[in-house]
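Student: Contents of final_33.cif (mmCIF, N, CA and C atoms and all ligand atoms; chains and numbers go by the auth columns) are below:
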data_final
loop_
_atom_site.group_PDB
_atom_site.id
_atom_site.type_symbol
_atom_site.label_atom_id
_atom_site.label_comp_id
_atom_site.label_asym_id
_atom_site.label_seq_id
_atom_site.Cartn_x
_atom_site.Cartn_y
_atom_site.Cartn_z
_atom_site.B_iso_or_equiv
_atom_site.auth_seq_id
_atom_site.auth_asym_id
ATOM 1 N N MET A 1 0.834 -1.184 0.000 0.00 13 A
ATOM 2 C CA MET A 1 0.000 0.000 0.000 0.00 13 A
ATOM 3 C C MET A 1 0.870 1.236 0.000 0.00 13 A
ATOM 4 N N GLU A 2 0.226 2.370 -0.335 0.00 14 A
ATOM 5 C CA GLU A 2 0.965 3.620 -0.433 0.00 14 A
ATOM 6 C C GLU A 2 0.310 4.656 0.472 0.00 14 A
ATOM 7 N N LEU A 3 1.109 5.345 1.267 0.00 15 A
ATOM 8 C CA LEU A 3 0.607 6.420 2.119 0.00 15 A
ATOM 9 C C LEU A 3 1.349 7.700 1.781 0.00 15 A
ATOM 10 N N THR A 4 0.601 8.791 1.729 0.00 16 A
ATOM 11 C CA THR A 4 1.215 10.101 1.558 0.00 16 A
ATOM 12 C C THR A 4 1.160 10.829 2.894 0.00 16 A
ATOM 13 N N LEU A 5 2.335 11.172 3.416 0.00 17 A
ATOM 14 C CA LEU A 5 2.435 11.852 4.710 0.00 17 A
ATOM 15 C C LEU A 5 2.769 13.310 4.464 0.00 17 A
ATOM 16 N N THR A 6 2.024 14.198 5.102 0.00 18 A
ATOM 17 C CA THR A 6 2.305 15.626 4.969 0.00 18 A
ATOM 18 C C THR A 6 2.431 16.245 6.354 0.00 18 A
ATOM 19 N N SER A 7 3.552 16.912 6.591 0.00 19 A
ATOM 20 C CA SER A 7 3.766 17.581 7.867 0.00 19 A
ATOM 21 C C SER A 7 3.113 18.957 7.848 0.00 19 A
ATOM 22 N N ALA A 8 2.303 19.221 8.873 0.00 20 A
ATOM 23 C CA ALA A 8 1.606 20.514 8.951 0.00 20 A
ATOM 24 C C ALA A 8 2.353 21.509 9.844 0.00 20 A
ATOM 25 N N THR A 9 3.544 21.125 10.307 0.00 21 A
ATOM 26 C CA THR A 9 4.265 22.025 11.206 0.00 21 A
ATOM 27 C C THR A 9 5.212 22.937 10.418 0.00 21 A
ATOM 28 N N THR A 10 5.664 24.006 11.076 0.00 22 A
ATOM 29 C CA THR A 10 6.534 24.964 10.405 0.00 22 A
ATOM 30 C C THR A 10 7.978 24.876 10.872 0.00 22 A
ATOM 31 N N ILE A 11 8.215 24.255 12.021 0.00 23 A
ATOM 32 C CA ILE A 11 9.588 24.163 12.542 0.00 23 A
ATOM 33 C C ILE A 11 9.946 22.740 12.976 0.00 23 A
ATOM 34 N N THR A 12 9.057 22.140 13.758 0.00 24 A
ATOM 35 C CA THR A 12 9.370 20.873 14.417 0.00 24 A
ATOM 36 C C THR A 12 9.381 19.681 13.457 0.00 24 A
ATOM 37 N N PRO A 13 10.485 18.930 13.421 0.00 25 A
ATOM 38 C CA PRO A 13 10.503 17.707 12.622 0.00 25 A
ATOM 39 C C PRO A 13 9.762 16.568 13.340 0.00 25 A
ATOM 40 N N HIS A 14 9.153 15.702 12.563 0.00 26 A
ATOM 41 C CA HIS A 14 8.449 14.549 13.122 0.00 26 A
ATOM 42 C C HIS A 14 8.866 13.301 12.362 0.00 26 A
ATOM 43 N N ASN A 15 8.394 12.168 12.838 0.00 27 A
ATOM 44 C CA ASN A 15 8.560 10.951 12.055 0.00 27 A
ATOM 45 C C ASN A 15 7.308 10.098 12.180 0.00 27 A
ATOM 46 N N PHE A 16 7.252 9.098 11.344 0.00 28 A
ATOM 47 C CA PHE A 16 6.076 8.231 11.272 0.00 28 A
ATOM 48 C C PHE A 16 6.574 6.806 11.377 0.00 28 A
ATOM 49 N N ILE A 17 6.216 6.155 12.489 0.00 29 A
ATOM 50 C CA ILE A 17 6.747 4.821 12.759 0.00 29 A
ATOM 51 C C ILE A 17 5.627 3.811 12.961 0.00 29 A
ATOM 52 N N ILE A 18 5.746 2.697 12.242 0.00 30 A
ATOM 53 C CA ILE A 18 4.933 1.515 12.539 0.00 30 A
ATOM 54 C C ILE A 18 5.957 0.394 12.702 0.00 30 A
ATOM 55 N N LYS A 19 6.419 0.230 13.938 0.00 31 A
ATOM 56 C CA LYS A 19 7.546 -0.662 14.218 0.00 31 A
ATOM 57 C C LYS A 19 7.337 -2.073 13.683 0.00 31 A
ATOM 58 N N GLU A 20 6.144 -2.632 13.958 0.00 32 A
ATOM 59 C CA GLU A 20 5.868 -4.026 13.577 0.00 32 A
ATOM 60 C C GLU A 20 5.889 -4.232 12.066 0.00 32 A
ATOM 61 N N LEU A 21 5.716 -3.149 11.305 0.00 33 A
ATOM 62 C CA LEU A 21 5.699 -3.286 9.846 0.00 33 A
ATOM 63 C C LEU A 21 6.982 -2.732 9.234 0.00 33 A
ATOM 64 N N SER A 22 7.975 -2.466 10.094 0.00 34 A
ATOM 65 C CA SER A 22 9.265 -1.944 9.637 0.00 34 A
ATOM 66 C C SER A 22 9.130 -0.640 8.860 0.00 34 A
ATOM 67 N N VAL A 23 8.165 0.186 9.275 0.00 35 A
ATOM 68 C CA VAL A 23 7.978 1.496 8.648 0.00 35 A
ATOM 69 C C VAL A 23 8.579 2.560 9.556 0.00 35 A
ATOM 70 N N GLU A 24 9.486 3.352 9.014 0.00 36 A
ATOM 71 C CA GLU A 24 10.040 4.471 9.758 0.00 36 A
ATOM 72 C C GLU A 24 10.428 5.568 8.771 0.00 36 A
ATOM 73 N N GLN A 25 9.690 6.668 8.827 0.00 37 A
ATOM 74 C CA GLN A 25 9.909 7.755 7.871 0.00 37 A
ATOM 75 C C GLN A 25 10.076 9.078 8.605 0.00 37 A
ATOM 76 N N ASP A 26 11.210 9.729 8.413 0.00 38 A
ATOM 77 C CA ASP A 26 11.390 11.071 8.956 0.00 38 A
ATOM 78 C C ASP A 26 10.646 12.061 8.083 0.00 38 A
ATOM 79 N N LEU A 27 10.147 13.114 8.723 0.00 39 A
ATOM 80 C CA LEU A 27 9.397 14.113 7.971 0.00 39 A
ATOM 81 C C LEU A 27 9.747 15.502 8.508 0.00 39 A
ATOM 82 N N SER A 28 10.496 16.235 7.717 0.00 40 A
ATOM 83 C CA SER A 28 10.850 17.597 8.107 0.00 40 A
ATOM 84 C C SER A 28 9.606 18.481 8.062 0.00 40 A
ATOM 85 N N ALA A 29 9.691 19.606 8.742 0.00 41 A
ATOM 86 C CA ALA A 29 8.557 20.528 8.812 0.00 41 A
ATOM 87 C C ALA A 29 8.094 20.934 7.413 0.00 41 A
ATOM 88 N N GLY A 30 6.802 20.821 7.191 0.00 42 A
ATOM 89 C CA GLY A 30 6.208 21.267 5.938 0.00 42 A
ATOM 90 C C GLY A 30 6.424 20.352 4.744 0.00 42 A
ATOM 91 N N LYS A 31 7.088 19.228 4.945 0.00 43 A
ATOM 92 C CA LYS A 31 7.407 18.338 3.824 0.00 43 A
ATOM 93 C C LYS A 31 6.353 17.261 3.618 0.00 43 A
ATOM 94 N N THR A 32 6.398 16.665 2.452 0.00 44 A
ATOM 95 C CA THR A 32 5.535 15.537 2.115 0.00 44 A
ATOM 96 C C THR A 32 6.415 14.358 1.721 0.00 44 A
ATOM 97 N N ALA A 33 6.037 13.176 2.151 0.00 45 A
ATOM 98 C CA ALA A 33 6.757 11.963 1.775 0.00 45 A
ATOM 99 C C ALA A 33 5.744 10.891 1.402 0.00 45 A
ATOM 100 N N VAL A 34 6.090 10.106 0.407 0.00 46 A
ATOM 101 C CA VAL A 34 5.241 8.987 0.014 0.00 46 A
ATOM 102 C C VAL A 34 5.956 7.705 0.397 0.00 46 A
ATOM 103 N N ILE A 35 5.288 6.856 1.158 0.00 47 A
ATOM 104 C CA ILE A 35 5.903 5.597 1.566 0.00 47 A
ATOM 105 C C ILE A 35 5.057 4.437 1.062 0.00 47 A
ATOM 106 N N THR A 36 5.718 3.345 0.757 0.00 48 A
ATOM 107 C CA THR A 36 5.005 2.146 0.340 0.00 48 A
ATOM 108 C C THR A 36 5.472 0.981 1.189 0.00 48 A
ATOM 109 N N PHE A 37 4.533 0.150 1.566 0.00 49 A
ATOM 110 C CA PHE A 37 4.850 -1.041 2.339 0.00 49 A
ATOM 111 C C PHE A 37 3.706 -2.029 2.189 0.00 49 A
ATOM 112 N N THR A 38 3.969 -3.265 2.541 0.00 50 A
ATOM 113 C CA THR A 38 2.961 -4.312 2.395 0.00 50 A
ATOM 114 C C THR A 38 2.761 -5.023 3.724 0.00 50 A
ATOM 115 N N PRO A 39 1.644 -4.742 4.400 0.00 51 A
ATOM 116 C CA PRO A 39 1.369 -5.444 5.653 0.00 51 A
ATOM 117 C C PRO A 39 1.191 -6.933 5.381 0.00 51 A
ATOM 118 N N ALA A 40 1.873 -7.777 6.137 0.00 52 A
ATOM 119 C CA ALA A 40 1.821 -9.212 5.884 0.00 52 A
ATOM 120 C C ALA A 40 0.517 -9.832 6.364 0.00 52 A
ATOM 121 N N GLN A 41 -0.055 -9.263 7.425 0.00 53 A
ATOM 122 C CA GLN A 41 -1.290 -9.832 7.948 0.00 53 A
ATOM 123 C C GLN A 41 -2.143 -8.783 8.640 0.00 53 A
ATOM 124 N N PRO A 42 -3.458 -9.056 8.728 0.00 54 A
ATOM 125 C CA PRO A 42 -4.374 -8.132 9.387 0.00 54 A
ATOM 126 C C PRO A 42 -3.995 -7.937 10.855 0.00 54 A
ATOM 127 N N GLY A 43 -4.377 -6.785 11.393 0.00 55 A
ATOM 128 C CA GLY A 43 -4.106 -6.538 12.796 0.00 55 A
ATOM 129 C C GLY A 43 -4.171 -5.058 13.116 0.00 55 A
ATOM 130 N N SER A 44 -3.951 -4.747 14.387 0.00 56 A
ATOM 131 C CA SER A 44 -3.893 -3.363 14.852 0.00 56 A
ATOM 132 C C SER A 44 -2.452 -3.037 15.211 0.00 56 A
ATOM 133 N N TYR A 45 -1.906 -2.052 14.547 0.00 57 A
ATOM 134 C CA TYR A 45 -0.505 -1.718 14.745 0.00 57 A
ATOM 135 C C TYR A 45 -0.366 -0.293 15.281 0.00 57 A
ATOM 136 N N PRO A 46 0.409 -0.118 16.360 0.00 58 A
ATOM 137 C CA PRO A 46 0.616 1.230 16.894 0.00 58 A
ATOM 138 C C PRO A 46 1.409 2.101 15.917 0.00 58 A
ATOM 139 N N ILE A 47 0.945 3.331 15.746 0.00 59 A
ATOM 140 C CA ILE A 47 1.634 4.361 14.961 0.00 59 A
ATOM 141 C C ILE A 47 2.109 5.419 15.939 0.00 59 A
ATOM 142 N N TYR A 48 3.302 5.936 15.748 0.00 60 A
ATOM 143 C CA TYR A 48 3.717 7.023 16.630 0.00 60 A
ATOM 144 C C TYR A 48 4.891 7.796 16.048 0.00 60 A
ATOM 145 N N CYS A 49 5.179 8.908 16.717 0.00 61 A
ATOM 146 C CA CYS A 49 6.347 9.729 16.406 0.00 61 A
ATOM 147 C C CYS A 49 7.248 9.685 17.634 0.00 61 A
ATOM 148 N N ASP A 50 8.506 9.310 17.462 0.00 62 A
ATOM 149 C CA ASP A 50 9.372 9.198 18.640 0.00 62 A
ATOM 150 C C ASP A 50 10.379 10.348 18.767 0.00 62 A
ATOM 151 N N LYS A 51 10.156 11.411 18.004 0.00 63 A
ATOM 152 C CA LYS A 51 11.046 12.569 18.133 0.00 63 A
ATOM 153 C C LYS A 51 10.915 13.161 19.531 0.00 63 A
ATOM 154 N N ARG A 52 12.007 13.737 20.006 0.00 64 A
ATOM 155 C CA ARG A 52 11.929 14.423 21.283 0.00 64 A
ATOM 156 C C ARG A 52 13.010 15.480 21.344 0.00 64 A
ATOM 157 N N LEU A 53 12.705 16.534 22.067 0.00 65 A
ATOM 158 C CA LEU A 53 13.683 17.578 22.311 0.00 65 A
ATOM 159 C C LEU A 53 14.074 17.406 23.770 0.00 65 A
ATOM 160 N N TRP A 54 15.220 16.746 23.973 0.00 66 A
ATOM 161 C CA TRP A 54 15.632 16.430 25.332 0.00 66 A
ATOM 162 C C TRP A 54 15.759 17.715 26.146 0.00 66 A
ATOM 163 N N PRO A 55 15.302 17.757 27.403 0.00 67 A
ATOM 164 C CA PRO A 55 14.773 16.651 28.221 0.00 67 A
ATOM 165 C C PRO A 55 13.251 16.575 28.233 0.00 67 A
ATOM 166 N N LEU A 56 12.606 17.134 27.239 0.00 68 A
ATOM 167 C CA LEU A 56 11.143 17.069 27.195 0.00 68 A
ATOM 168 C C LEU A 56 10.688 15.651 26.848 0.00 68 A
ATOM 169 N N PRO A 57 9.430 15.336 27.153 0.00 69 A
ATOM 170 C CA PRO A 57 8.905 14.008 26.791 0.00 69 A
ATOM 171 C C PRO A 57 8.884 13.843 25.272 0.00 69 A
ATOM 172 N N SER A 58 8.896 12.592 24.825 0.00 70 A
ATOM 173 C CA SER A 58 8.826 12.344 23.381 0.00 70 A
ATOM 174 C C SER A 58 7.470 12.797 22.862 0.00 70 A
ATOM 175 N N HIS A 59 7.402 12.993 21.558 0.00 71 A
ATOM 176 C CA HIS A 59 6.128 13.384 20.959 0.00 71 A
ATOM 177 C C HIS A 59 5.062 12.317 21.232 0.00 71 A
ATOM 178 N N ARG A 60 5.503 11.051 21.224 0.00 72 A
ATOM 179 C CA ARG A 60 4.545 9.986 21.513 0.00 72 A
ATOM 180 C C ARG A 60 3.979 10.147 22.915 0.00 72 A
ATOM 181 N N ASP A 61 4.875 10.452 23.866 0.00 73 A
ATOM 182 C CA ASP A 61 4.420 10.636 25.241 0.00 73 A
ATOM 183 C C ASP A 61 3.464 11.816 25.366 0.00 73 A
ATOM 184 N N LYS A 62 3.552 12.733 24.414 0.00 74 A
ATOM 185 C CA LYS A 62 2.657 13.893 24.445 0.00 74 A
ATOM 186 C C LYS A 62 1.403 13.662 23.603 0.00 74 A
ATOM 187 N N GLY A 63 1.243 12.421 23.125 0.00 75 A
ATOM 188 C CA GLY A 63 -0.019 12.085 22.461 0.00 75 A
ATOM 189 C C GLY A 63 0.067 11.866 20.966 0.00 75 A
ATOM 190 N N MET A 64 1.269 11.932 20.409 0.00 76 A
ATOM 191 C CA MET A 64 1.396 11.765 18.973 0.00 76 A
ATOM 192 C C MET A 64 1.483 10.274 18.644 0.00 76 A
ATOM 193 N N GLU A 65 0.345 9.635 18.755 0.00 77 A
ATOM 194 C CA GLU A 65 0.281 8.204 18.487 0.00 77 A
ATOM 195 C C GLU A 65 -1.123 7.851 18.037 0.00 77 A
ATOM 196 N N GLY A 66 -1.235 6.668 17.451 0.00 78 A
ATOM 197 C CA GLY A 66 -2.531 6.215 16.976 0.00 78 A
ATOM 198 C C GLY A 66 -2.452 4.748 16.630 0.00 78 A
ATOM 199 N N THR A 67 -3.461 4.268 15.936 0.00 79 A
ATOM 200 C CA THR A 67 -3.510 2.851 15.574 0.00 79 A
ATOM 201 C C THR A 67 -3.772 2.718 14.081 0.00 79 A
ATOM 202 N N PHE A 68 -2.998 1.837 13.471 0.00 80 A
ATOM 203 C CA PHE A 68 -3.147 1.541 12.048 0.00 80 A
ATOM 204 C C PHE A 68 -3.836 0.188 11.941 0.00 80 A
ATOM 205 N N GLU A 69 -5.030 0.197 11.358 0.00 81 A
ATOM 206 C CA GLU A 69 -5.826 -1.035 11.266 0.00 81 A
ATOM 207 C C GLU A 69 -5.669 -1.667 9.894 0.00 81 A
ATOM 208 N N VAL A 70 -5.254 -2.917 9.884 0.00 82 A
ATOM 209 C CA VAL A 70 -5.173 -3.671 8.628 0.00 82 A
ATOM 210 C C VAL A 70 -6.264 -4.719 8.648 0.00 82 A
ATOM 211 N N LYS A 71 -7.180 -4.637 7.695 0.00 83 A
ATOM 212 C CA LYS A 71 -8.322 -5.573 7.662 0.00 83 A
ATOM 213 C C LYS A 71 -8.015 -6.760 6.774 0.00 83 A
HETATM 214 CU CU CU B . 6.499 14.350 16.334 0.00 101 B
#
Let me see the file written as structure tokens.
Ligand SMILES: [Cu+2]
Tutor:
Amino acid sequence: MELTLTSATTITPHNFIIKELSVEQDLSAGKTAVITFTPAQPGSYPIYCDKRLWPLPSHRDKGMEGTFEVK
């Protein structure tokens, strides 16, 4: 499958991670990236951004996470 990721921020870099599916894409502020991957099986996979500005909590800890559902 193909996903188009667009960053809506103006300064802060983010990333898009689905660890179980070996997806990890950095996304600079304001940029767009197209990623392709093939989920091997249905399931619920955590999505998150693990960027952090030390010593602040990671973006994931601040709520930048979700679930990717494969039917
Ligand atoms: Cu982030």
Student: So what does the PyMOL selection byres (((not hetatm)) within 8 of (chain B and resi 101)) actually pick up in this one, as an NGL selection string?
Tutor: :A and (24-28 or 60-64 or 70-72 or 76)
Student: Could you tell me which residues the PyMOL selection byres (((chain A and resi 33 and name CA) around 9) and not hetatm and name CA) grabs in this file, written as a CSV table (one decimal) with N, CA and C atoms, keeping the file's coordinate frame?
Tutor:
chain,number,residue,atom,x,y,z
A,29,ILE,N,6.2,6.2,12.5
A,29,ILE,CA,6.7,4.8,12.8
A,29,ILE,C,5.6,3.8,13.0
A,30,ILE,N,5.7,2.7,12.2
A,30,ILE,CA,4.9,1.5,12.5
A,30,ILE,C,6.0,0.4,12.7
A,31,LYS,N,6.4,0.2,13.9
A,31,LYS,CA,7.5,-0.7,14.2
A,31,LYS,C,7.3,-2.1,13.7
A,32,GLU,N,6.1,-2.6,14.0
A,32,GLU,CA,5.9,-4.0,13.6
A,32,GLU,C,5.9,-4.2,12.1
A,34,SER,N,8.0,-2.5,10.1
A,34,SER,CA,9.3,-1.9,9.6
A,34,SER,C,9.1,-0.6,8.9
A,35,VAL,N,8.2,0.2,9.3
A,35,VAL,CA,8.0,1.5,8.6
A,35,VAL,C,8.6,2.6,9.6
A,36,GLU,N,9.5,3.4,9.0
A,36,GLU,CA,10.0,4.5,9.8
A,36,GLU,C,10.4,5.6,8.8
A,49,PHE,N,4.5,0.2,1.6
A,49,PHE,CA,4.8,-1.0,2.3
A,49,PHE,C,3.7,-2.0,2.2
A,50,THR,N,4.0,-3.3,2.5
A,50,THR,CA,3.0,-4.3,2.4
A,50,THR,C,2.8,-5.0,3.7
A,51,PRO,N,1.6,-4.7,4.4
A,51,PRO,CA,1.4,-5.4,5.7
A,51,PRO,C,1.2,-6.9,5.4
A,52,ALA,N,1.9,-7.8,6.1
A,52,ALA,CA,1.8,-9.2,5.9
A,52,ALA,C,0.5,-9.8,6.4
A,57,TYR,N,-1.9,-2.1,14.5
A,57,TYR,CA,-0.5,-1.7,14.7
A,57,TYR,C,-0.4,-0.3,15.3
Student: Extract, using all atoms listed in the file, all DNA, RNA and protein residues at most 6.5 Å from Val82 (chain A), discarding same-chain residues fewer than 6 positions from it, and format them as a count of residues only.
Tutor: 5
Student: Tell me which residues the PyMOL selection byres (((chain A and resi 19) around 5) and not hetatm) grabs here, as a PyMOL selection string.
Tutor: chain A and resi 17-18+20-21+42-43
Student: Calculated over only N, CA and C atoms, which of the candidates A:Leu15, A:Glu81, A:Pro58, A:Thr22 has the smallest distance to Ala45 (chain A)?
Tutor: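 Closest candidate: A:Leu15.
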Student: What does the structure give for the distance between CA of Val46 (chain A) and CA of Leu68 (chain A), in Å to one decimal?
Tutor: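 These two atoms are separated by 29.0 Å.
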Student: What residues in chain A get the DSSP label strand (DSSP E or B)? Please answer as number ranges by chain.
Tutor: A: 14-18, 26-30, 35-39, 44-48, 55-60, 77-82
Student: What is the distance between atom N of Thr48 (chain A) and CA of Phe80 (chain A), in Å to one decimal?
Tutor: 14.5 Å
Student: Can you tell me how far CA of Pro67 (chain A) sits from CA of Thr79 (chain A), in Å to one decimal?
Tutor: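 If I compute the distance from CA of Pro67 (chain A) to CA of Thr79 (chain A), I get 26.2 Å.
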